[in-house]
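Content type mmCIF, C-alpha atoms and all ligand atoms, from the file query_21.cif:
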data_input
#
loop_
_atom_site.label_atom_id
_atom_site.label_comp_id
_atom_site.auth_asym_id
_atom_site.auth_seq_id
_atom_site.Cartn_x
_atom_site.Cartn_y
_atom_site.Cartn_z
CA MET A 189 4.83 8.51 -3.34
CA ALA A 190 3.25 6.27 -0.71
CA ASN A 191 4.35 2.87 -1.94
CA VAL A 192 4.51 -0.43 -0.10
CA ALA A 193 6.71 -3.50 -0.55
CA VAL A 194 5.69 -6.86 0.90
CA ILE A 195 8.23 -9.61 1.54
CA GLY A 196 8.22 -12.91 3.42
CA ALA A 197 10.21 -12.86 6.67
CA GLN A 198 10.65 -16.63 7.11
CA TRP A 199 10.96 -19.43 4.52
CA GLY A 200 7.94 -18.52 2.40
CA ASP A 201 4.25 -19.38 2.57
CA GLU A 202 3.64 -16.85 5.35
CA GLY A 203 0.22 -16.00 3.97
CA LYS A 204 1.42 -13.21 1.68
CA GLY A 205 -1.49 -13.86 -0.70
CA LYS A 206 -4.17 -12.57 1.65
CA VAL A 207 -2.11 -9.56 2.75
CA VAL A 208 -1.08 -8.65 -0.79
CA ASP A 209 -4.69 -8.96 -1.91
CA TRP A 210 -5.82 -6.73 0.95
CA LEU A 211 -3.17 -4.14 0.09
CA ALA A 212 -3.78 -4.48 -3.67
CA SER A 213 -7.30 -3.20 -3.18
CA ARG A 214 -5.71 0.04 -1.90
CA ALA A 215 -3.03 0.29 -4.61
CA ASP A 216 -3.10 1.41 -8.26
CA ILE A 217 -0.32 -0.83 -9.56
CA VAL A 218 0.98 -4.19 -8.31
CA VAL A 219 4.52 -5.22 -9.31
CA ARG A 220 6.28 -8.58 -9.11
CA PHE A 221 10.05 -8.01 -8.90
CA GLN A 222 11.69 -11.42 -8.39
CA GLY A 223 11.09 -15.16 -8.52
CA GLY A 224 8.91 -16.85 -11.07
CA HIS A 225 6.22 -19.50 -11.14
CA ASN A 226 7.87 -21.17 -8.14
CA ALA A 227 5.69 -18.84 -6.07
CA GLY A 228 2.07 -19.61 -5.53
CA HIS A 229 -0.85 -18.13 -3.75
CA THR A 230 -4.52 -18.60 -3.57
CA LEU A 231 -6.93 -15.70 -3.67
CA VAL A 232 -10.57 -16.14 -2.77
CA VAL A 233 -12.81 -13.46 -4.25
CA GLY A 234 -16.53 -14.00 -3.85
CA ASN A 235 -17.22 -17.54 -4.99
CA GLN A 236 -14.08 -17.77 -7.17
CA THR A 237 -10.73 -19.19 -6.08
CA TYR A 238 -7.77 -17.97 -8.11
CA LYS A 239 -4.46 -19.81 -7.94
CA LEU A 240 -1.74 -17.41 -9.07
CA SER A 241 1.94 -18.12 -9.61
CA LEU A 242 3.14 -15.42 -11.95
CA LEU A 243 0.38 -12.89 -12.33
CA PRO A 244 0.63 -10.00 -9.87
CA SER A 245 -2.31 -10.31 -7.45
CA GLY A 246 -3.61 -6.88 -8.44
CA VAL A 247 -5.07 -8.14 -11.72
CA VAL A 248 -7.73 -10.00 -9.72
CA ARG A 249 -8.70 -6.67 -8.15
CA GLY A 250 -8.87 -4.80 -11.45
CA LYS A 251 -5.51 -3.10 -10.92
CA LEU A 252 -2.62 -2.80 -13.34
CA GLY A 253 -0.21 -5.72 -12.90
CA ILE A 254 3.46 -5.44 -13.79
CA ILE A 255 6.00 -8.24 -14.12
CA GLY A 256 9.39 -6.66 -13.52
CA ASN A 257 12.76 -7.52 -15.05
CA GLY A 258 13.81 -9.24 -11.80
CA VAL A 259 11.35 -12.07 -12.49
CA VAL A 260 12.21 -15.12 -14.60
CA LEU A 261 9.28 -15.71 -16.90
CA ASP A 262 8.09 -19.07 -18.21
CA PRO A 263 5.94 -18.17 -21.25
CA ASP A 264 3.95 -21.41 -21.14
CA ALA A 265 3.23 -20.95 -17.44
CA LEU A 266 2.16 -17.34 -18.00
CA LEU A 267 -0.12 -18.08 -20.97
CA GLY A 268 -1.55 -21.10 -19.11
CA GLU A 269 -2.31 -18.96 -16.07
CA ILE A 270 -3.88 -16.22 -18.17
CA ALA A 271 -6.09 -18.80 -19.94
CA LYS A 272 -7.13 -20.28 -16.59
CA VAL A 273 -8.15 -16.99 -14.99
CA ARG A 274 -9.85 -15.87 -18.22
CA ALA A 275 -11.93 -19.06 -18.07
CA GLN A 276 -12.92 -17.97 -14.56
CA GLY A 277 -14.25 -14.71 -15.99
CA LEU A 278 -11.28 -12.44 -15.35
CA ASP A 279 -10.22 -10.00 -18.03
CA VAL A 280 -6.42 -10.18 -18.43
CA GLY A 281 -4.64 -8.67 -21.41
CA PRO A 282 -2.06 -6.08 -22.41
CA HIS A 283 -4.35 -3.34 -21.05
CA ASN A 284 -3.92 -4.52 -17.46
CA LEU A 285 -0.73 -6.60 -17.54
CA ARG A 286 2.66 -5.20 -18.59
CA ILE A 287 5.90 -7.16 -18.66
CA ALA A 288 9.37 -5.62 -18.61
CA GLU A 289 10.96 -6.03 -22.03
CA ASN A 290 14.24 -7.04 -20.37
CA THR A 291 12.72 -9.97 -18.44
CA PRO A 292 14.69 -13.22 -18.92
CA LEU A 293 12.66 -16.20 -20.13
CA ILE A 294 12.50 -19.71 -18.73
CA LEU A 295 12.74 -22.20 -21.62
CA PRO A 296 11.98 -25.96 -21.48
CA LEU A 297 15.70 -26.68 -21.01
CA HIS A 298 15.69 -24.89 -17.64
CA PRO A 299 13.30 -27.20 -15.77
CA ALA A 300 15.03 -30.15 -17.49
CA LEU A 301 18.38 -29.06 -16.02
CA ASP A 302 16.81 -28.19 -12.64
CA LYS A 303 15.36 -31.71 -12.33
CA ALA A 304 18.44 -33.51 -13.67
CA ARG A 305 20.62 -31.67 -11.14
CA GLU A 306 18.31 -32.38 -8.23
CA GLU A 307 18.33 -36.06 -9.15
CA ALA A 308 22.13 -36.05 -9.32
CA ARG A 309 22.31 -34.43 -5.85
CA GLY A 310 20.55 -37.46 -4.33
CA GLU A 311 20.12 -37.02 -0.59
CA HIS A 312 21.77 -33.58 -0.77
CA LYS A 313 19.02 -32.19 -2.96
CA ILE A 314 17.81 -28.64 -2.36
CA GLY A 315 14.17 -29.56 -2.81
CA THR A 316 13.58 -27.03 -5.62
CA THR A 317 10.20 -26.64 -7.24
CA GLY A 318 11.74 -28.15 -10.40
CA ARG A 319 10.52 -25.21 -12.47
CA GLY A 320 13.85 -24.09 -13.83
CA ILE A 321 14.20 -21.01 -11.64
CA GLY A 322 17.86 -21.56 -10.69
CA PRO A 323 19.13 -22.40 -14.21
CA ALA A 324 17.23 -19.39 -15.66
CA TYR A 325 18.87 -16.98 -13.19
CA GLU A 326 22.25 -18.58 -13.92
CA ASP A 327 21.78 -17.81 -17.60
CA LYS A 328 20.81 -14.23 -16.82
CA VAL A 329 23.95 -13.63 -14.77
CA ALA A 330 26.07 -15.47 -17.35
CA ARG A 331 24.70 -13.05 -20.02
CA ARG A 332 23.28 -15.75 -22.27
CA ALA A 333 19.59 -15.48 -21.29
CA ILE A 334 16.90 -15.01 -23.89
CA ARG A 335 14.86 -12.01 -22.83
CA LEU A 336 11.34 -11.01 -23.76
CA CYS A 337 12.56 -8.28 -26.15
CA ASP A 338 14.62 -10.86 -28.09
CA LEU A 339 11.38 -12.39 -29.38
CA ALA A 340 11.10 -9.41 -31.73
CA GLU A 341 14.50 -10.18 -33.28
CA PRO A 342 14.63 -13.64 -34.94
CA GLU A 343 18.31 -13.28 -35.79
CA THR A 344 19.29 -12.42 -32.23
CA LEU A 345 17.24 -15.40 -31.08
CA SER A 346 19.03 -17.74 -33.43
CA THR A 347 22.50 -16.62 -32.33
CA LYS A 348 21.58 -16.70 -28.65
CA LEU A 349 20.10 -20.20 -28.97
CA ASP A 350 23.44 -21.46 -30.32
CA GLU A 351 25.26 -20.25 -27.22
CA LEU A 352 22.52 -21.41 -24.88
CA LEU A 353 22.37 -24.90 -26.37
CA LEU A 354 26.12 -25.34 -26.39
CA HIS A 355 26.06 -24.74 -22.64
CA HIS A 356 22.89 -26.62 -21.74
CA ASN A 357 23.23 -29.64 -23.98
CA THR A 358 26.76 -30.22 -22.67
CA LEU A 359 25.46 -30.20 -19.11
CA LEU A 360 22.37 -32.27 -19.87
CA LYS A 361 24.45 -34.87 -21.70
CA GLY A 362 26.83 -35.05 -18.73
CA LEU A 363 23.90 -35.63 -16.40
CA GLY A 364 22.48 -38.35 -18.66
CA ALA A 365 19.40 -36.30 -19.55
CA ALA A 366 17.76 -35.68 -22.94
CA THR A 367 19.18 -32.79 -24.99
CA PHE A 368 17.32 -30.09 -26.99
CA GLU A 369 17.12 -29.27 -30.71
CA LYS A 370 17.72 -25.71 -31.85
CA GLN A 371 15.06 -25.63 -34.57
CA GLU A 372 12.38 -26.89 -32.21
CA LEU A 373 13.16 -24.16 -29.64
CA LEU A 374 13.41 -21.47 -32.30
CA ASP A 375 10.03 -22.45 -33.78
CA LYS A 376 8.51 -22.44 -30.33
CA LEU A 377 9.87 -18.99 -29.49
CA LEU A 378 8.79 -17.52 -32.83
CA ALA A 379 5.30 -18.92 -32.27
CA LEU A 380 5.22 -17.38 -28.77
CA ALA A 381 6.38 -13.96 -29.98
CA PRO A 382 3.00 -12.60 -31.20
CA GLN A 383 1.33 -13.80 -28.00
CA LEU A 384 3.88 -12.26 -25.63
CA LEU A 385 5.18 -9.13 -27.31
CA PRO A 386 1.94 -7.13 -26.87
CA PHE A 387 2.61 -7.24 -23.09
CA SER A 388 6.21 -6.05 -23.41
CA GLU A 389 7.34 -2.53 -22.57
CA ALA A 390 9.90 -0.46 -20.66
CA VAL A 391 8.07 -0.77 -17.34
CA TRP A 392 10.58 1.50 -15.60
CA GLU A 393 9.12 4.35 -17.63
CA ARG A 394 5.56 3.53 -16.58
CA LEU A 395 6.69 3.31 -12.94
CA ASP A 396 8.45 6.64 -13.27
CA GLU A 397 5.22 8.19 -14.59
CA ALA A 398 3.32 6.57 -11.73
CA ARG A 399 5.72 8.22 -9.30
CA HIS A 400 5.13 11.64 -10.85
CA SER A 401 1.36 11.27 -10.84
CA GLY A 402 1.25 10.12 -7.20
CA LYS A 403 -0.05 6.61 -7.94
CA ARG A 404 0.26 3.96 -5.24
CA VAL A 405 2.50 1.05 -6.13
CA LEU A 406 2.59 -2.26 -4.31
CA PHE A 407 5.73 -4.38 -4.75
CA GLU A 408 4.78 -8.01 -4.27
CA GLY A 409 7.64 -10.21 -3.08
CA ALA A 410 7.76 -13.96 -3.58
CA GLN A 411 9.49 -16.59 -1.39
CA ALA A 412 11.10 -14.97 1.67
CA VAL A 413 14.24 -13.55 3.26
CA MET A 414 15.51 -16.90 4.53
CA LEU A 415 15.33 -18.16 0.92
CA ASP A 416 17.30 -15.14 -0.36
CA VAL A 417 20.28 -16.24 -2.45
CA ASP A 418 22.64 -14.05 -0.36
CA HIS A 419 21.01 -13.78 3.04
CA GLY A 420 19.16 -17.08 3.33
CA THR A 421 20.17 -20.55 4.45
CA TYR A 422 22.47 -21.05 1.45
CA PRO A 423 22.57 -23.35 -0.50
CA PHE A 424 19.01 -24.27 0.52
CA VAL A 425 17.61 -21.08 -0.98
CA THR A 426 16.00 -19.87 -4.17
CA SER A 427 18.11 -18.14 -6.83
CA SER A 428 16.95 -14.54 -6.45
CA ASN A 429 17.28 -11.76 -3.89
CA THR A 430 14.04 -11.74 -1.97
CA VAL A 431 14.91 -8.80 0.28
CA ALA A 432 13.04 -5.52 -0.22
CA GLY A 433 16.15 -3.85 -1.63
CA ASN A 434 15.73 -5.95 -4.74
CA ALA A 435 12.31 -4.43 -5.45
CA ALA A 436 14.20 -1.43 -6.82
CA ALA A 437 16.53 -3.33 -9.15
CA GLY A 438 13.90 -5.92 -10.06
CA ALA A 439 11.38 -3.31 -11.20
CA GLY A 440 13.58 -0.45 -12.37
CA VAL A 441 12.91 2.16 -9.72
CA GLY A 442 15.37 3.91 -7.41
CA PRO A 443 15.83 2.82 -3.78
CA HIS A 444 13.53 5.61 -2.57
CA GLY A 445 10.67 4.36 -4.71
CA ILE A 446 10.02 1.27 -2.62
CA GLY A 447 8.24 2.97 0.25
CA MET A 448 7.14 1.21 3.43
CA VAL A 449 8.44 -2.36 3.74
CA LEU A 450 6.17 -4.94 5.32
CA GLY A 451 7.54 -8.32 6.39
CA ILE A 452 5.06 -11.17 6.67
CA ALA A 453 5.62 -13.82 9.32
CA LYS A 454 3.47 -16.67 10.54
CA ALA A 455 2.87 -16.89 14.28
CA TYR A 456 4.89 -20.13 14.07
CA THR A 457 7.38 -21.34 11.44
CA THR A 458 7.13 -23.55 8.36
CA ARG A 459 9.47 -24.57 5.60
CA VAL A 460 9.13 -26.60 2.39
CA GLY A 461 12.19 -28.13 0.81
CA SER A 462 15.40 -29.16 2.52
CA GLY A 463 17.77 -27.21 4.73
CA PRO A 464 18.31 -26.12 8.32
CA PHE A 465 15.26 -25.39 10.48
CA PRO A 466 16.34 -25.03 14.14
CA THR A 467 12.84 -24.85 15.67
CA GLU A 468 11.37 -27.72 13.63
CA LEU A 469 9.02 -29.95 15.63
CA LYS A 470 8.90 -33.60 14.62
CA ASP A 471 6.43 -34.39 17.41
CA ASP A 472 2.64 -34.18 17.86
CA ILE A 473 2.72 -30.39 18.17
CA GLY A 474 4.47 -30.10 14.80
CA LYS A 475 1.89 -32.45 13.31
CA ARG A 476 -0.92 -30.46 14.86
CA LEU A 477 0.42 -27.15 13.47
CA GLY A 478 0.56 -28.75 10.01
CA GLU A 479 -2.99 -30.07 10.24
CA VAL A 480 -4.65 -27.02 11.78
CA GLY A 481 -2.66 -24.64 9.55
CA HIS A 482 -3.29 -26.73 6.37
CA GLU A 483 0.43 -26.65 5.71
CA PHE A 484 0.82 -28.06 2.22
CA GLY A 485 2.92 -26.36 -0.50
CA THR A 486 0.75 -24.42 -3.00
CA VAL A 487 3.10 -25.25 -5.87
CA THR A 488 4.57 -28.59 -4.80
CA GLY A 489 1.67 -30.01 -2.74
CA ARG A 490 4.32 -31.34 -0.31
CA PRO A 491 3.57 -31.18 3.44
CA ARG A 492 5.44 -28.27 5.02
CA ARG A 493 7.78 -28.83 7.97
CA CYS A 494 6.44 -27.00 11.04
CA GLY A 495 7.94 -25.57 14.23
CA TRP A 496 7.88 -22.86 16.90
CA PHE A 497 8.21 -19.17 16.08
CA ASP A 498 11.88 -18.32 15.62
CA ALA A 499 12.29 -14.72 16.74
CA CYS A 500 16.04 -14.84 16.20
CA LEU A 501 15.51 -15.72 12.53
CA VAL A 502 12.74 -13.16 11.98
CA ARG A 503 14.84 -10.44 13.66
CA GLN A 504 17.59 -11.23 11.17
CA ALA A 505 15.06 -11.09 8.30
CA VAL A 506 13.78 -7.74 9.60
CA LYS A 507 17.31 -6.31 9.56
CA VAL A 508 18.58 -7.61 6.21
CA GLY A 509 15.19 -7.39 4.52
CA GLY A 510 14.61 -3.78 5.51
CA VAL A 511 11.31 -4.58 7.24
CA GLN A 512 9.61 -1.59 8.89
CA GLY A 513 6.35 -3.19 9.86
CA LEU A 514 5.48 -6.78 10.67
CA VAL A 515 2.38 -8.60 9.50
CA LEU A 516 1.70 -11.56 11.72
CA THR A 517 -0.49 -14.27 10.19
CA LYS A 518 -2.23 -17.45 11.33
CA LEU A 519 -2.30 -16.60 15.03
CA ASP A 520 -5.48 -18.68 15.25
CA VAL A 521 -3.51 -21.86 14.43
CA LEU A 522 -2.02 -21.63 17.94
CA ASP A 523 -5.47 -21.58 19.60
CA GLY A 524 -5.79 -24.33 22.21
CA LEU A 525 -2.08 -24.80 22.88
CA THR A 526 -1.53 -24.26 26.61
CA GLU A 527 2.15 -23.51 26.27
CA LEU A 528 4.03 -21.76 23.48
CA LYS A 529 7.74 -21.45 22.79
CA ILE A 530 9.65 -18.69 21.02
CA CYS A 531 13.24 -19.17 19.95
CA THR A 532 15.43 -16.28 21.13
CA GLY A 533 18.87 -17.56 20.06
CA TYR A 534 20.90 -20.64 19.23
CA GLU A 535 23.42 -22.82 20.93
CA ILE A 536 26.13 -24.06 18.58
CA ASP A 537 28.97 -26.20 19.98
CA GLY A 538 28.44 -24.74 23.45
CA GLU A 539 28.43 -21.13 22.25
CA VAL A 540 25.36 -18.85 22.27
CA PHE A 541 24.43 -17.03 19.04
CA LYS A 542 21.86 -14.25 18.57
CA ARG A 543 21.86 -14.77 14.81
CA LEU A 544 22.03 -17.74 12.46
CA PRO A 545 25.64 -17.99 11.25
CA ALA A 546 26.18 -18.17 7.49
CA ALA A 547 28.20 -21.40 7.41
CA ALA A 548 26.15 -24.46 6.45
CA ALA A 549 27.57 -26.87 9.05
CA ALA A 550 27.06 -24.34 11.86
CA GLN A 551 23.48 -23.76 10.72
CA ALA A 552 22.80 -27.48 10.77
CA LYS A 553 24.12 -27.70 14.35
CA ALA A 554 22.11 -24.73 15.70
CA ARG A 555 19.99 -25.75 18.70
CA PRO A 556 17.20 -23.33 19.63
CA ILE A 557 17.17 -21.51 22.97
CA TYR A 558 13.55 -21.13 23.98
CA GLU A 559 11.47 -18.80 26.04
CA THR A 560 8.16 -20.32 27.18
CA LEU A 561 4.92 -18.35 27.18
CA GLU A 562 1.43 -19.17 28.33
CA GLY A 563 -0.98 -20.10 25.51
CA TRP A 564 -4.72 -19.53 25.27
CA THR A 565 -7.75 -21.79 25.06
CA GLN A 566 -10.18 -19.28 23.53
CA SER A 567 -10.55 -18.91 19.77
CA THR A 568 -8.80 -15.97 18.12
CA ARG A 569 -10.12 -16.91 14.70
CA GLY A 570 -11.76 -14.03 12.92
CA ALA A 571 -10.80 -11.42 15.55
CA ARG A 572 -10.92 -7.89 14.13
CA SER A 573 -9.78 -5.89 17.15
CA TRP A 574 -7.30 -6.28 20.00
CA ALA A 575 -10.27 -6.37 22.39
CA GLN A 576 -11.34 -9.67 20.83
CA LEU A 577 -8.02 -11.32 21.67
CA PRO A 578 -7.23 -13.12 24.93
CA ALA A 579 -4.64 -11.34 27.12
CA THR A 580 -2.11 -14.16 26.64
CA ALA A 581 -2.40 -13.86 22.83
CA ILE A 582 -1.70 -10.12 23.06
CA LYS A 583 1.26 -10.88 25.31
CA TYR A 584 2.58 -13.37 22.74
CA VAL A 585 2.32 -10.79 19.94
CA LYS A 586 3.93 -8.04 22.06
CA ARG A 587 6.82 -10.34 22.98
CA ILE A 588 7.39 -11.10 19.31
CA GLU A 589 7.47 -7.37 18.55
CA GLU A 590 10.14 -6.85 21.21
CA LEU A 591 12.27 -9.77 20.11
CA VAL A 592 12.19 -9.13 16.36
CA GLU A 593 12.56 -5.38 16.85
CA ALA A 594 9.62 -4.44 14.62
CA GLN A 595 6.08 -3.28 15.33
CA VAL A 596 3.08 -5.24 14.18
CA THR A 597 1.28 -3.28 11.44
CA LEU A 598 -1.31 -5.91 10.65
CA LEU A 599 -2.51 -9.04 12.38
CA SER A 600 -4.33 -11.65 10.34
CA THR A 601 -6.68 -13.97 12.21
CA SER A 602 -8.23 -16.15 9.48
CA PRO A 603 -7.98 -16.72 5.71
CA GLU A 604 -10.90 -14.29 5.22
CA ARG A 605 -9.74 -10.97 3.83
CA ASP A 606 -11.48 -8.83 6.42
CA ASP A 607 -10.42 -10.86 9.46
CA THR A 608 -7.53 -8.51 10.04
CA ILE A 609 -6.50 -6.20 12.84
CA LEU A 610 -5.06 -3.05 11.29
CA VAL A 611 -2.68 -1.21 13.57
CA SER A 612 -1.52 1.42 11.09
CA ASP A 613 -2.08 2.10 7.38
CA PRO A 614 1.02 1.02 5.42
CA PHE A 615 0.09 3.36 2.55
CA ALA A 616 0.05 6.39 4.84
CA GLY A 617 3.61 7.09 3.69
P1 LIG B 701 13.48 -22.99 -6.44
O1 LIG B 701 13.04 -21.59 -6.16
O2 LIG B 701 12.46 -23.79 -7.23
O3 LIG B 701 14.85 -23.08 -7.02
O4 LIG B 701 13.57 -23.75 -5.02
C1 LIG B 701 14.56 -23.43 -4.06
C2 LIG B 701 14.01 -23.50 -2.64
O5 LIG B 701 13.04 -22.47 -2.46
C3 LIG B 701 13.29 -24.81 -2.32
O6 LIG B 701 13.52 -25.13 -0.95
C4 LIG B 701 11.83 -24.47 -2.53
O7 LIG B 701 10.99 -25.30 -1.77
C5 LIG B 701 11.82 -23.03 -2.01
N1 LIG B 701 10.73 -22.23 -2.59
C6 LIG B 701 10.65 -21.72 -3.83
N2 LIG B 701 9.51 -21.01 -3.98
C7 LIG B 701 8.86 -21.06 -2.80
C8 LIG B 701 7.64 -20.49 -2.31
O8 LIG B 701 6.91 -19.76 -3.01
N3 LIG B 701 7.33 -20.78 -1.01
C9 LIG B 701 8.13 -21.51 -0.22
N4 LIG B 701 9.28 -22.06 -0.63
C10 LIG B 701 9.64 -21.84 -1.91
#

Whole structure, structure tokens version:
Amino acid sequence: MANVAVIGAQWGDEGKGKVVDWLASRADIVVRFQGGHNAGHTLVVGNQTYKLSLLPSGVVRGKLGIIGNGVVLDPDALLGEIAKVRAQGLDVGPHNLRIAENTPLILPLHPALDKAREEARGEHKIGTTGRGIGPAYEDKVARRAIRLCDLAEPETLSTKLDELLLHHNTLLKGLGAATFEKQELLDKLLALAPQLLPFSEAVWERLDEARHSGKRVLFEGAQAVMLDVDHGTYPFVTSSNTVAGNAAAGAGVGPHGIGMVLGIAKAYTTRVGSGPFPTELKDDIGKRLGEVGHEFGTVTGRPRRCGWFDACLVRQAVKVGGVQGLVLTKLDVLDGLTELKICTGYEIDGEVFKRLPAAAAAQAKARPIYETLEGWTQSTRGARSWAQLPATAIKYVKRIEELVEAQVTLLSTSPERDDTILVSDPFAG
């Protein structure tokens, strides 16, 4: 089975949308395996712009979309998104969207707790999307989550709500936030049941059939390795495993079912939310990267922090994320800069590190060690072959390959789907 998994290799927003869309056109099935509606990407197809948070990108391309059990699903967000894309003329229904029956749900009490906690953290806030992602994963691990399949069992729902509310209302009260009524939640869930249950199934079985019939599956990651709950810049991370290994558990396939792993990285670095960012630029160059790269969060609308390419960080993401091929995006944003820097390591309290240590205080103290490269004045925007790139741009890309210890599989040179330099076919197996 020639499958492909796509994950972010930095702190998210690497331009996965375009790459996933490009790959989705070559796949039969597109699967989301972690995260929730904290993700966001924009797909431009003809004269329509689709803003997707939860729907697997494949549905826009007429492919089967699957939401795996590793996702946390907000029913209102899902139904809202379906209504929006339907209004744009897209046909989305149980025939082309399947949701794992064991997917945990995000209920209104999750964003309420997320926001109340962030407020209580004050200046130490994580900068979450406020969508209840963390609290929903906590409930899953604590074995009190309401899952999609529970909507078919009113009695199970009622019992589970008692346990859930005991926990959440206690916390919400302690944080000075409004509490929730059981009957109101129960009524809401029972009303949602007939709308959601037609999408529900054992998706692992469908994926197993797909494997036997040689269908191509694309696993679409959200967020990125440096936001992984284990391997990222903890605690400034999201609450799921974003590494490719989780595509197996989050969809219900074995580790060999994932196929080729592509890591997406921007030709520079950005981050939304709080947390360490060694190569962050608070000067005019940082501002310029933000302006030229249109660096505003898709979900939050907040300006993204910008900085030089951190090869040390991406190398780490390549290793822990299982990345076999690199997709480098937004090279054109660097056009016109005469000098470029790449971070090759960190200096922390006088000691040199070739990786970002796990401890929070050490991460905050990490000072980048830079290598300087010559930039280019010509435009690389829209290039579709290496021959169209200036020699210094090729040198920059080759140096990145060496430092991160991964070959470039795809190079993206503009938001347009076809402005891509394909080095090798990820679906070749
Ligand atoms: P949460 O996922 O809403 O809990 O947010 C935790 C951290 O992950 C925050 O720093 C968010 O800004 C970040 N985050 C969550 N989703 C995305 C994404 O899709 N792109 C970039 N950052 C994200």

**Asked** So which residues touch Ala340 in chain A within 12 Å, counting all atoms listed in the file, skipping near sequence neighbours fewer than 2 positions away, as a PyMOL selection string?
**Response** chain A and resi 289+334-338+342-346+377-386+388

**Message:** Around ligand LIG 701 (chain B), which protein and nucleic acid residues have at least one atom no more than 7 Å from it, if we count only C-alpha atoms and all ligand atoms? List them as a ChimeraX atom specification.
**Reply:** /A:199-201,226-228,314-322,410-411,415,424-427,459-462

Requested write-out: C-alpha atoms of the selected residues, as a tab-separated table (two decimals), in the coordinates of the input:
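File written: selection22.tsv
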chain	number	residue	atom	x	y	z
A	199	TRP	CA	10.96	-19.43	4.52
A	200	GLY	CA	7.94	-18.52	2.40
A	201	ASP	CA	4.25	-19.38	2.57
A	226	ASN	CA	7.87	-21.17	-8.14
A	227	ALA	CA	5.69	-18.84	-6.07
A	228	GLY	CA	2.07	-19.61	-5.53
A	314	ILE	CA	17.81	-28.64	-2.36
A	315	GLY	CA	14.17	-29.56	-2.81
A	316	THR	CA	13.58	-27.03	-5.62
A	317	THR	CA	10.20	-26.64	-7.24
A	318	GLY	CA	11.74	-28.15	-10.40
A	319	ARG	CA	10.52	-25.21	-12.47
A	320	GLY	CA	13.85	-24.09	-13.83
A	321	ILE	CA	14.20	-21.01	-11.64
A	322	GLY	CA	17.86	-21.56	-10.69
A	410	ALA	CA	7.76	-13.96	-3.58
A	411	GLN	CA	9.49	-16.59	-1.39
A	415	LEU	CA	15.33	-18.16	0.92
A	424	PHE	CA	19.01	-24.27	0.52
A	425	VAL	CA	17.61	-21.08	-0.98
A	426	THR	CA	16.00	-19.87	-4.17
A	427	SER	CA	18.11	-18.14	-6.83
A	459	ARG	CA	9.47	-24.57	5.60
A	460	VAL	CA	9.13	-26.60	2.39
A	461	GLY	CA	12.19	-28.13	0.81
A	462	SER	CA	15.40	-29.16	2.52

**Message:** Restricting the calculation to only C-alpha atoms: of A:Ala398, A:Ala437, A:Leu360, A:Val521, which residue gets closest to Lys454 in chain A?
**Reply:** A:Val521

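With distances restricted to only C-alpha atoms, A:Arg286 is the closest residue to Ala439 in chain A from A:Arg331, A:His229, A:Arg286, A:His312.
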
Compile the contact shell of His482 in chain A as a PDB file with C-alpha atoms, in the coordinates of the input: residues with an atom at most 9 Å away, counting only C-alpha atoms, same-chain residues fewer than 5 positions apart removed.
ATOM      1  CA  LEU A 477       0.420 -27.150  13.470  1.00  0.00           C
ATOM      2  CA  PRO A 491       3.570 -31.180   3.440  1.00  0.00           C
ATOM      3  CA  ARG A 492       5.440 -28.270   5.020  1.00  0.00           C
TER       4      ARG A 492
END

**Message:** With 12 Å as the threshold, what does the neighbourhood of (18.6, -16.8, 18.7) contain in terms of residues, counting all atoms listed in the file? Coordinates are those of the file; answer as an MDAnalysis selection string.
**Reply:** chainID A and resid 466:467 497:504 530:536 539:545 551 554:559 591:592

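Of the listed residues (A:Gly463, A:Gly524, A:Gly538, A:Gly495), A:Gly524 comes nearest to Thr565 in chain A; the distances count all atoms listed in the file.
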
Listing only residues of range 401-454 of chain A within 12 Å of range 254-277 of chain A, what is the closest atom pair and its distance in Å (to one decimal) for each, using all atoms listed in the file, sorted by chain and residue number ascending, as a Markdown table?
| residue | atom | partner | partner_atom | distance |
| --- | --- | --- | --- | --- |
| A:Val405 | CA | A:Ile254 | CA | 10.1 |
| A:Leu406 | CA | A:Ile254 | CA | 10.0 |
| A:Phe407 | CA | A:Ile254 | CA | 9.4 |
| A:Glu408 | CA | A:Ile255 | CA | 9.9 |
| A:Gly409 | CA | A:Val259 | CA | 10.3 |
| A:Ala410 | CA | A:Val259 | CA | 9.8 |
| A:Ser427 | CA | A:Val260 | CA | 10.2 |
| A:Ser428 | CA | A:Gly258 | CA | 8.2 |
| A:Asn429 | CA | A:Gly258 | CA | 9.0 |
| A:Thr430 | CA | A:Gly258 | CA | 10.1 |
| A:Gly433 | CA | A:Gly258 | CA | 11.7 |
| A:Asn434 | CA | A:Gly258 | CA | 8.0 |
| A:Ala435 | CA | A:Gly258 | CA | 8.1 |
| A:Ala436 | CA | A:Gly258 | CA | 9.3 |
| A:Ala437 | CA | A:Gly258 | CA | 7.0 |
| A:Gly438 | CA | A:Gly258 | CA | 3.7 |
| A:Ala439 | CA | A:Gly256 | CA | 4.5 |
| A:Gly440 | CA | A:Gly256 | CA | 7.6 |
| A:Val441 | CA | A:Gly256 | CA | 10.2 |

**Complete:** With distances taken over all atoms listed in the file, the candidate from A:Lys251, A:His283, A:His355, A:Lys376 nearest Leu295 in chain A is A:Lys376

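Closest approach to Glu604 in chain A among A:Gly310, A:Gly489, A:Gly570, A:Pro464 is made by A:Gly570 (distances from all atoms listed in the file).
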
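Taking all atoms listed in the file, the non-local environment of Thr560 in chain A within 7 Å (same-chain residues fewer than 6 positions away omitted) comprises Glu527, Leu528, Lys529 and Ile530 of chain A.
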